[in-house]
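Report on the structure given below.
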Amino acid sequence: MAHFKTNITVINATIAMFLCMNAIAPLFWAPFSERIGRRWVYIITMALFAVCSLICGLSNNIGVFFCFRLLQGIFSSAGQAIGGGSVTDLFEAQERGKAMSIYILGILLGPAVGPMLGGYIAQYLGWRWIFYIKAIIGVVLTTLNFLFVKETLYDPNAKDIPPAKSFKERLGRLKFNPFVSLRLLLQTEIALICVPMSISFGWFFLLVTLLAPTYSSVYNFSTGSIGLCFLAGGLGNCSGSVLAGILSDKLYVKSIKRNGGREMSELRLAPMYIALPFIGGGALMYGWFLYARLHWILPLLGYCLATFGIMFTVTISSTYLVDTNTHLSASIVSATNFTRNMCGMVLSLVAAEVRQGLGDQWTYTTMAIMSVTLYLVCIPPIQIYGERWRVGRRWWQKE
């Protein structure tokens with residue numbers, strides 16, 4: 001802030017716009033990867049991410065920083081967009097829950113661990129090194145992708161398509177409608193599962209956005225100490241994702257046996273209810289322990305429990321959506337990523353005002369009530385009617 005001679009509102013706006021780009025860009029990357037394959041999208045976007053990170057670190061002007069921060073968000077979102085597609089390419093339905101949990105773990109571990117590392121890097125090396133290290137990581141990942149990542153997209157009809165006769169025809173075959181992914185959100189079961197998942201994810205980002213100013217004002221923590229607080233969220237994210245993946249696959253196989261051997265993707269949603277007490281109880285503990293000014297570790301315990309529950313539900317929800325849309329797996333992941341990040345953007349923008357207006361106790365009480373209620377309202381209809389809604393409705397396959 002001091003370097004750019006600006007205020008916290010403008011800096012938070014860069015974070016919000018980064019999230020916005022993370023929401024919108026995957027709508028383009030997912031269908032693009034379904035045209036040219038996953039491998040080259042990984043390689044090109046990671047290389048460009050490295051370049052944008054370097055320029056962010058070198059920038060002396062808030063306009064340049066803002067611009068390349070947005071581009072950084074666009075290119076960094078490719079992995080989120082097509083990672084789910086790669087999981088679907090490589091794993092069968094009975095194994096997909098565990099694989100999806102590892103993929104989602106990578107997405108949500110960043111917001112938990114990143115601030116911890118960023119706090120110490122900024123404190124001891126300066127804020128520019130946050131972006132220099134990102135650039136280095138981008139170069140390493142680009143090299144590893146180029147050397148070791150193989151193409152996983154399989155098109156059984158590819159052999160029946162004659163080679164393009166001209167460059168114009170080749171370009172024509174790359175055409176796609178990025179907003180077909182959003183049309184998937186019009187499907188009842190997809191919309192119902194995205195609403196609670198996205199709202200709870202948005203509240204997670206609000207909590208993450210407010211954690212630093214909260215622990216600075218309430219407990220007088222330093223920048224480095226505040227960074228360590230994010231480990232609680234990292235622990236919750238990791239354990240929630242891993243446990244959801246393991247339970248999801250095991251309980252799904254058992255449910256199929258009880259269902260007479262007939263597979264039904266809605267059976268995968270049953271473990272979702274395990275997470276709700278963790279989301280509600282964790283959010284209440286965090287808010288009210290802060291309000292009561294109890295020992296600093298107690299609110300972090302609530303933070304850990306809440307993130308455990310949120311990650312658990314996100315993993316199971318994402319696995320269900322990929323199971324029911326295997327032919328457009330990358331697109332469905334992009335659509336849900338859009339709703340999650342847009343909610344995260346909105347709630348991170350208004351985070352300070354919400355906390356100021358409601359206080360810690362009622363801010364997180366609202367989080368608990370909204371998240372748990374939405375899951376209890378939205379998930380049972382999918383379990384009862386989801387298969388019926390899906391049968392015979394495959395209009396998007398024609399797109």
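Each chain in the structure tokens gets a letter, A, B, ..., in the order shown, and its residues are numbered from 1; ligands are numbered from 1 in order too.
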Practice prompt. List the neighbours of A:Lys250 out to 10 Å using only C-alpha atoms; skip same-chain residues closer than 4 positions along the sequence, and give me the result as a list in words.
Written response: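 Contacts, with the query itself left out: Gln94, Glu95, Gly97, Lys98, Ala244, Gly245, Ile246, Lys254, Ser255 and Arg268 of chain A.
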Discussion item. Can you pull out the residues contacting A:Ile297? Cut-off 10 Å, using only C-alpha atoms, and skip same-chain residues under 3 positions away; I want them as a list of chain:residue names.
Written reply: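 Residues near the query, excluding close chain neighbours: A:Cys229, A:Ala232, A:Tyr286, A:Phe289, A:Leu294, A:Leu300, A:Leu301, A:Gly302, A:Tyr303.
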Item to complete: Would you list the contacts of stretch 77-82 of chain A as a ChimeraX atom specification, taking every protein, DNA or RNA residue within 8 Å and counting only C-alpha atoms, but skipping same-chain residues closer than 5 positions in sequence?
Response: /A:21-23,25-27,29-30,33,38,41-42,45,107,330-331,333-334,337
Practice prompt. For A:Leu207, list every protein, DNA or RNA residue within 12 Å, evaluated using only C-alpha atoms, and leave out those in the same chain fewer than 6 positions away; present the list as a count of residues only.
Written response: 35
Item to complete: Determine the nearest neighbour of A:Val51 from the options A:Ser101, A:Thr315, A:Ser86, A:Thr142, counting only C-alpha atoms.
Response: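 Residue with the minimum atom-to-atom distance to A:Val51: A:Thr142.
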Fill in: Two-atom distance - atom CA of A:Met264, atom CA of A:Leu184 (Å)
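Straight-line distance from atom CA of A:Met264 to atom CA of A:Leu184 works out to 19.7 Å.
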Worksheet entry | A:Leu186 surroundings by only C-alpha atoms, 12 Å radius, close-in-sequence under 5 positions cut, as a PyMOL selection string | chain A and resi 179-181+191-195+332+335-336+389+395-396
Practice prompt. Using only C-alpha atoms, pick whichever of A:Cys238, A:Ile274, A:Met345, A:Leu290 has the shortest atom-to-atom distance to A:Gly359.
Written response: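 Result for the nearest residue to A:Gly359: A:Leu290.
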Practice prompt. Do a neighbour search on A:Thr143 at 12 Å with only C-alpha atoms, toss out local chain neighbours closer than 6 positions, and write the hits as number ranges by chain.
Written response: A: 42-44, 46-47, 50, 136-137, 149
Item to complete: Find, counting only C-alpha atoms, the residue in A:Lys150, A:Phe205, A:Ile74, A:Val87 that gets nearest to A:Cys343.
Response: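 With only C-alpha atoms as the atom set, the closest residue is A:Phe205.
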Fill in: Sel. of helix (DSSP H, G or I) residues, stretch 151-396 of chain A, as a PyMOL selection string
chain A and resi 158-160+167-173+180-186+188-219+223-258+265-269+272-291+297-323+326-349+351-390+395-396
Worksheet item: By how many Å are atom CA of A:Val208 and atom CA of A:Gly227 apart?
Response: 10.9 Å
Worksheet item: atom CA of A:Gly386 to atom CA of A:Ile310: how many Å, to one decimal?
Response: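 Taking atom CA of A:Gly386 and atom CA of A:Ile310, their separation equals 22.1 Å.
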Fill in: Closest of A:Tyr291, A:Tyr273, A:Trp296, A:Phe204 to A:Ser317 - atom-to-atom distances counting only C-alpha atoms
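So, comparing all the options, the nearest one is A:Tyr273.
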Fill in: Selected residue, from A:Pro277, A:Ile104, A:Glu92, A:Leu182, that lies nearest to A:Pro31 when counting only C-alpha atoms
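Answer, going by the shortest atom-to-atom distance: A:Leu182.
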